[in-house]
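Q: One structure is given below, represented as structure tokens, and several questions about it will come after.
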Amino acid sequence: MTIGSLLGAIGQGFIWGVMVLGIFITYKILNVSDLTVDGSFATGGAVFAMSLLGGVDPTLCLLLAMCAGGICGLVTGILHTKFKIPAILAGILTQLGLYSVNLRILGDKANVSISQLSTNITFIANLTKLPHTRAGMILGITISVSCILILYFLLGTEFGASIRATGNNEKMIRALGVNTDNIKLFGMILSNMLIALSGAMLVQMNKYADVGMGKGAIVYGLASIVIGEVFFRKFSNFGIKLLSSVFGCIVFFIIRAVVINLGLKANDMQLISAIIVVIALAMPIFKENMNIQKIGKMNSLNEMSQNKSGDTTIKDALEKKISVETGGGVDA
Amino acid sequence: MLKLKNIYKTFHVGTINERRALDDINLVLNDGDFVTVIGGNGAGKSTLQNVISGTINPDFGTVEINGVDITKLPEHKRAKYIGRVFQDPMLGTASDMWIEENLALAFKRGEKRSAFKWMINSDNTKFFKSQLAKLGLGLDERLKTKVKLLSGGQRQALTLLMSTLKKPDLLMLDEHTAALDPKTASLVLGLTKEIVENSNITTLMITHNMRDALAYGNRLIMMDQGRIIFDVAGEEKQKLTVDDLLKKFNQTKDAPSDAMLLG
């Protein structure tokens, strides 16, 4: 793999990382699974492309995309909190509806090119004389780092702490006077704003918007969070956790680049990321089963030693087991 | 002051399972009253608490605190007036957050939470530390410990502190020691008495334990089939014995449960 494609992957990681932060808010902090992602990501991209084509300033277009994402989150949030539809179903319904909406936004075309227009990335490229993908990476780094900082400070405030508490123990924080429905609504809006922002940046990077650009985004996001957790397992600070999700996303896109380099297709990544998420989610069960098997082994070791001398204790058996595991000689 | 007027609540109306949980409840708690509530399973104790805290709406009647009618207020808006400790030690605290963060969350009970003010600051840290020290559990040295690492008793003591950190108009304890071992239960009850009496908090304590109901508080209420069948206060309550209570129970249709006999 060349340095060029590695840097390209890192750049992609930063841009998609903003989306991962959005997913992190709902999935990890609020503890609700919001599947609006696939739709709102494309909505962000579509709104950005069309408003840019309409002659709006690119930075303003990014803000418009965020607003559109916020509305998507609001819809899912209302379905979930006011109509009490389970979060997963509410997200699926919004996502399904958004497909039609996104096509409408794109003027009934599956994709729309903005390659002739100037964007934030072309602005950075002109300023720094860097190639397009490097300039895109700079935009991605700037936005994702600012998002991490803003989220970190928000989550540390009195209000932000009540968001974390809502995900942690809803009954408790309601008893302390917090309207948890509003908190969830807010979280879903904020989350989808970031997701749409990420989609808009991707459109800048790719120079076109596509109605299917958000397909599988939720799985990419979850895989990124899971990968990040592997590297930052020991940290419990939520600032580090935010950082870890963006880091996970970068690693995810590096893996993706490697996989493509090995001759697989980019589309195979959907399967690979699904497998990564499944393994991560199933891991606790595997570990539990392994522990149960260990207990079985320990008990039989204990029985064996008891049969031999008659008065050995479990402690002896444990010691014996340790010596077996560390490779020490044992004559059982 | 808590005032309940003509509270009715029936569950599963119109089905074979129809059950009147509260049947014309009228109750006035004066400021500083420490009331213990006893009654068999299904007597309506929990429903009573849920109607006061707002998790259940009554079919009829009004709930007033300090002259404010809160009957139609949702649960989270009543938090301004009410501090609560639940039976399950896991329910009262946010397990993935620090002890300090939990206290800071509770310190803002019923108040507006600013999106621009950092929740943890040195001023309230000092205050939390001094309050935790009063529990005598050594938690004041563990401000940055996640609550999930604490034992059930420690968590319940912490919840008790949280619910009274900002003095509530009413403290509701829903069998808050039922899930603890006897030694820890008496420790938490001791702390309860200390906090309630020191700050003179109006308290409603549901319990399944008749001895506790007699030993704590200045007033005792017995419920049966959604009604208050016995309400005794002051000296009269002091003289009451477990035998007296058992006799009262036997007069009701439901025989007392085993837990109560063992009281």
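By order of appearance in the structure tokens: chains A, B, ..., then residues from 1 within every chain, and ligands from 1 in the order shown.
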Go through chain B and flag each residue having an atom no more than 6 Å from chain A; for those, report the closest pair of atoms plus their distance in Å to one decimal, using only C-alpha atoms, ordered by chain and rising number, as CSV.
A:
residue,atom,partner,partner_atom,distance
B:His76,CA,A:Gly177,CA,4.1
B:Lys77,CA,A:Gly177,CA,5.7
B:Ala79,CA,A:Gly177,CA,4.7
B:Gly92,CA,A:Met172,CA,5.3
B:Ala94,CA,A:Asn169,CA,5.3
B:Arg109,CA,A:Leu176,CA,4.6
B:Gly110,CA,A:Gly177,CA,4.4
B:Arg113,CA,A:Phe159,CA,4.9
B:Ser114,CA,A:Phe159,CA,5.4
B:Ala115,CA,A:Phe159,CA,4.8
B:Lys117,CA,A:Thr157,CA,5.2
B:Trp118,CA,A:Thr157,CA,4.0
B:Met119,CA,A:Glu158,CA,4.5
Q: Which of region 2-140 of chain B counts as helix (DSSP H, G or I) under DSSP, as a PDB file with C-alpha atoms, in the first residue's frame please?
A:
ATOM      1  CA  LYS B  45     -48.578   1.315  49.493  1.00  0.00           C
ATOM      2  CA  SER B  46     -46.622   1.442  46.256  1.00  0.00           C
ATOM      3  CA  THR B  47     -49.531   2.843  44.268  1.00  0.00           C
ATOM      4  CA  LEU B  48     -49.813   5.581  46.866  1.00  0.00           C
ATOM      5  CA  GLN B  49     -46.154   6.473  46.391  1.00  0.00           C
ATOM      6  CA  ASN B  50     -46.467   6.336  42.614  1.00  0.00           C
ATOM      7  CA  VAL B  51     -49.444   8.683  42.701  1.00  0.00           C
ATOM      8  CA  ILE B  52     -47.471  11.134  44.822  1.00  0.00           C
ATOM      9  CA  SER B  53     -44.316  10.916  42.702  1.00  0.00           C
ATOM     10  CA  GLU B  75     -42.983  13.105  37.211  1.00  0.00           C
ATOM     11  CA  HIS B  76     -39.936  15.188  36.307  1.00  0.00           C
ATOM     12  CA  LYS B  77     -41.625  18.447  37.307  1.00  0.00           C
ATOM     13  CA  ARG B  78     -42.456  17.108  40.757  1.00  0.00           C
ATOM     14  CA  ILE B  99     -19.864   9.492  42.972  1.00  0.00           C
ATOM     15  CA  GLU B 100     -19.163  13.182  42.589  1.00  0.00           C
ATOM     16  CA  GLU B 101     -21.074  13.429  39.321  1.00  0.00           C
ATOM     17  CA  ASN B 102     -24.072  11.680  40.855  1.00  0.00           C
ATOM     18  CA  LEU B 103     -24.076  14.139  43.740  1.00  0.00           C
ATOM     19  CA  ALA B 104     -23.716  17.082  41.368  1.00  0.00           C
ATOM     20  CA  LEU B 105     -26.683  15.805  39.339  1.00  0.00           C
ATOM     21  CA  ALA B 106     -28.745  15.469  42.507  1.00  0.00           C
ATOM     22  CA  PHE B 107     -27.675  18.879  43.780  1.00  0.00           C
ATOM     23  CA  SER B 122     -14.102  23.051  43.265  1.00  0.00           C
ATOM     24  CA  ASP B 123     -16.817  24.761  45.314  1.00  0.00           C
ATOM     25  CA  ASN B 124     -19.350  21.984  45.210  1.00  0.00           C
ATOM     26  CA  THR B 125     -16.638  19.313  45.397  1.00  0.00           C
ATOM     27  CA  LYS B 126     -15.757  20.614  48.860  1.00  0.00           C
ATOM     28  CA  PHE B 127     -19.406  20.573  49.883  1.00  0.00           C
ATOM     29  CA  PHE B 128     -19.960  17.044  48.548  1.00  0.00           C
ATOM     30  CA  LYS B 129     -16.891  15.825  50.382  1.00  0.00           C
ATOM     31  CA  SER B 130     -18.116  17.167  53.694  1.00  0.00           C
ATOM     32  CA  GLN B 131     -21.553  15.642  53.138  1.00  0.00           C
ATOM     33  CA  LEU B 132     -20.108  12.251  52.187  1.00  0.00           C
ATOM     34  CA  ALA B 133     -17.903  12.299  55.268  1.00  0.00           C
ATOM     35  CA  LYS B 134     -21.060  12.428  57.396  1.00  0.00           C
ATOM     36  CA  LEU B 135     -22.094   9.010  56.062  1.00  0.00           C
ATOM     37  CA  LEU B 139     -16.837   7.577  50.343  1.00  0.00           C
ATOM     38  CA  ASP B 140     -15.475  11.109  50.749  1.00  0.00           C
TER      39      ASP B 140
END
Q: Grab the CA of Gly39 (chain A) to CA of Gly73 (chain A) distance for me, in Å with one decimal place.
A: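 CA of Gly73 (chain A) lies at a distance of 10.2 Å from CA of Gly39 (chain A).
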Q: Identify all residues of region 100-242 of chain B in strand (DSSP E) (DSSP on the backbone) and supply them as number ranges by chain.
A: B: 170-174, 203-206, 219-224, 227-233
Q: For the residues in the current selection, export C-alpha atoms as a short mmCIF file (atom, residue, chain, number, x, y, z; two decimals), in the first residue's frame.
A:
data_model
loop_
_atom_site.label_atom_id
_atom_site.label_comp_id
_atom_site.auth_asym_id
_atom_site.auth_seq_id
_atom_site.Cartn_x
_atom_site.Cartn_y
_atom_site.Cartn_z
CA LEU B 170 -41.12 15.51 50.88
CA LEU B 171 -38.78 12.53 51.08
CA MET B 172 -40.19 9.23 49.86
CA LEU B 173 -38.49 5.99 50.83
CA ASP B 174 -39.91 2.97 49.03
CA THR B 203 -40.81 11.82 55.17
CA LEU B 204 -42.97 8.97 53.95
CA MET B 205 -41.27 5.61 54.49
CA ILE B 206 -42.82 2.41 53.16
CA ARG B 219 -46.46 8.52 62.93
CA LEU B 220 -47.57 5.17 61.51
CA ILE B 221 -50.08 4.37 58.80
CA MET B 222 -51.44 0.93 58.03
CA MET B 223 -53.02 0.25 54.65
CA ASP B 224 -55.29 -2.52 53.48
CA ARG B 227 -57.56 2.23 52.30
CA ILE B 228 -55.84 3.70 55.31
CA ILE B 229 -57.17 1.53 58.12
CA PHE B 230 -55.01 2.74 60.96
CA ASP B 231 -53.29 6.09 61.53
CA VAL B 232 -51.50 6.66 64.79
CA ALA B 233 -49.07 9.35 65.93
#
Q: Write out as a PyMOL selection string which residues come within 12 Å of Asn102 (chain A) when counting only C-alpha atoms, dropping same-chain ones fewer than 5 positions away.
A: chain A and resi 38-50+65+68-69+72+94-97+107-112+209-214
Q: For the residues in the current selection, export N, CA and C atoms as an mmCIF file, in the first residue's frame.
A:
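So the final result, stored in part.cif, reads:
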data_model
loop_
_atom_site.group_PDB
_atom_site.id
_atom_site.type_symbol
_atom_site.label_atom_id
_atom_site.label_comp_id
_atom_site.auth_asym_id
_atom_site.auth_seq_id
_atom_site.Cartn_x
_atom_site.Cartn_y
_atom_site.Cartn_z
ATOM 1 N N ASP A 38 -28.367 6.147 7.883
ATOM 2 C CA ASP A 38 -28.202 5.903 6.449
ATOM 3 C C ASP A 38 -28.942 6.942 5.613
ATOM 4 N N GLY A 39 -30.091 7.383 6.141
ATOM 5 C CA GLY A 39 -30.869 8.394 5.426
ATOM 6 C C GLY A 39 -30.329 9.796 5.631
ATOM 7 N N SER A 40 -30.068 10.168 6.878
ATOM 8 C CA SER A 40 -29.685 11.555 7.158
ATOM 9 C C SER A 40 -28.294 11.875 6.622
ATOM 10 N N PHE A 41 -27.451 10.853 6.520
ATOM 11 C CA PHE A 41 -26.110 11.061 5.942
ATOM 12 C C PHE A 41 -26.263 11.524 4.486
ATOM 13 N N ALA A 42 -27.126 10.825 3.738
ATOM 14 C CA ALA A 42 -27.356 11.195 2.344
ATOM 15 C C ALA A 42 -28.109 12.517 2.237
ATOM 16 N N THR A 43 -29.014 12.762 3.196
ATOM 17 C CA THR A 43 -29.729 14.034 3.184
ATOM 18 C C THR A 43 -28.741 15.193 3.290
ATOM 19 N N GLY A 44 -27.797 15.043 4.224
ATOM 20 C CA GLY A 44 -26.771 16.071 4.377
ATOM 21 C C GLY A 44 -26.042 16.304 3.067
ATOM 22 N N GLY A 45 -25.639 15.215 2.418
ATOM 23 C CA GLY A 45 -24.927 15.324 1.153
ATOM 24 C C GLY A 45 -25.777 15.968 0.074
ATOM 25 N N ALA A 46 -27.042 15.545 -0.007
ATOM 26 C CA ALA A 46 -27.933 16.059 -1.048
ATOM 27 C C ALA A 46 -28.199 17.544 -0.863
ATOM 28 N N VAL A 47 -28.487 17.936 0.372
ATOM 29 C CA VAL A 47 -28.769 19.350 0.638
ATOM 30 C C VAL A 47 -27.541 20.190 0.325
ATOM 31 N N PHE A 48 -26.368 19.669 0.703
ATOM 32 C CA PHE A 48 -25.146 20.421 0.414
ATOM 33 C C PHE A 48 -24.978 20.623 -1.088
ATOM 34 N N ALA A 49 -25.086 19.522 -1.839
ATOM 35 C CA ALA A 49 -24.858 19.597 -3.285
ATOM 36 C C ALA A 49 -25.842 20.547 -3.959
ATOM 37 N N MET A 50 -27.105 20.428 -3.612
ATOM 38 C CA MET A 50 -28.113 21.230 -4.302
ATOM 39 C C MET A 50 -28.032 22.698 -3.927
ATOM 40 N N ALA A 65 -26.906 21.819 5.474
ATOM 41 C CA ALA A 65 -26.918 20.355 5.548
ATOM 42 C C ALA A 65 -27.138 19.907 6.993
ATOM 43 N N ALA A 68 -30.705 20.305 7.928
ATOM 44 C CA ALA A 68 -31.518 19.241 7.345
ATOM 45 C C ALA A 68 -31.373 17.959 8.163
ATOM 46 N N GLY A 69 -30.133 17.654 8.571
ATOM 47 C CA GLY A 69 -29.891 16.477 9.408
ATOM 48 C C GLY A 69 -30.629 16.586 10.725
ATOM 49 N N CYS A 72 -34.152 15.616 10.330
ATOM 50 C CA CYS A 72 -34.282 14.144 10.280
ATOM 51 C C CYS A 72 -34.293 13.582 11.704
ATOM 52 N N THR A 94 -37.969 6.552 9.444
ATOM 53 C CA THR A 94 -37.446 7.825 8.946
ATOM 54 C C THR A 94 -36.488 7.579 7.788
ATOM 55 N N GLN A 95 -35.619 6.588 7.987
ATOM 56 C CA GLN A 95 -34.617 6.292 6.971
ATOM 57 C C GLN A 95 -35.276 5.904 5.649
ATOM 58 N N LEU A 96 -36.322 5.092 5.753
ATOM 59 C CA LEU A 96 -37.053 4.649 4.568
ATOM 60 C C LEU A 96 -37.680 5.844 3.849
ATOM 61 N N GLY A 97 -38.347 6.688 4.649
ATOM 62 C CA GLY A 97 -38.981 7.867 4.064
ATOM 63 C C GLY A 97 -37.967 8.801 3.445
ATOM 64 N N GLY A 107 -33.391 16.307 -7.190
ATOM 65 C CA GLY A 107 -34.096 16.546 -8.444
ATOM 66 C C GLY A 107 -34.338 15.263 -9.223
ATOM 67 N N ASP A 108 -34.710 14.204 -8.514
ATOM 68 C CA ASP A 108 -35.019 12.905 -9.111
ATOM 69 C C ASP A 108 -33.862 12.269 -9.858
ATOM 70 N N LYS A 109 -32.637 12.688 -9.483
ATOM 71 C CA LYS A 109 -31.469 12.043 -10.081
ATOM 72 C C LYS A 109 -30.753 11.231 -9.005
ATOM 73 N N ALA A 110 -30.168 10.108 -9.401
ATOM 74 C CA ALA A 110 -29.500 9.259 -8.414
ATOM 75 C C ALA A 110 -28.207 9.900 -7.932
ATOM 76 N N ASN A 111 -27.543 10.638 -8.807
ATOM 77 C CA ASN A 111 -26.400 11.401 -8.313
ATOM 78 C C ASN A 111 -26.206 12.718 -9.055
ATOM 79 N N VAL A 112 -25.588 13.656 -8.331
ATOM 80 C CA VAL A 112 -25.431 15.016 -8.841
ATOM 81 C C VAL A 112 -23.982 15.424 -8.660
ATOM 82 N N ALA A 209 -22.814 14.074 -5.145
ATOM 83 C CA ALA A 209 -23.730 13.527 -4.140
ATOM 84 C C ALA A 209 -24.476 12.357 -4.758
ATOM 85 N N ASP A 210 -24.686 11.321 -3.956
ATOM 86 C CA ASP A 210 -25.340 10.119 -4.464
ATOM 87 C C ASP A 210 -26.447 9.727 -3.490
ATOM 88 N N VAL A 211 -27.580 9.315 -4.029
ATOM 89 C CA VAL A 211 -28.700 9.006 -3.142
ATOM 90 C C VAL A 211 -28.393 7.791 -2.252
ATOM 91 N N GLY A 212 -27.465 6.941 -2.723
ATOM 92 C CA GLY A 212 -27.146 5.753 -1.930
ATOM 93 C C GLY A 212 -25.881 5.905 -1.090
ATOM 94 N N MET A 213 -25.379 7.124 -0.955
ATOM 95 C CA MET A 213 -24.086 7.321 -0.277
ATOM 96 C C MET A 213 -24.105 6.939 1.199
ATOM 97 N N GLY A 214 -25.303 6.895 1.799
ATOM 98 C CA GLY A 214 -25.350 6.572 3.230
ATOM 99 C C GLY A 214 -25.563 5.100 3.514
#
Q: Identify which of the residues A:Ala135, A:Ile85, A:Val277, A:Ala125 lies closest to Ile227 (chain A), counting only C-alpha atoms when measuring atom-to-atom distances.
A: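 For Ile227 (chain A), the nearest of the given residues is A:Val277.
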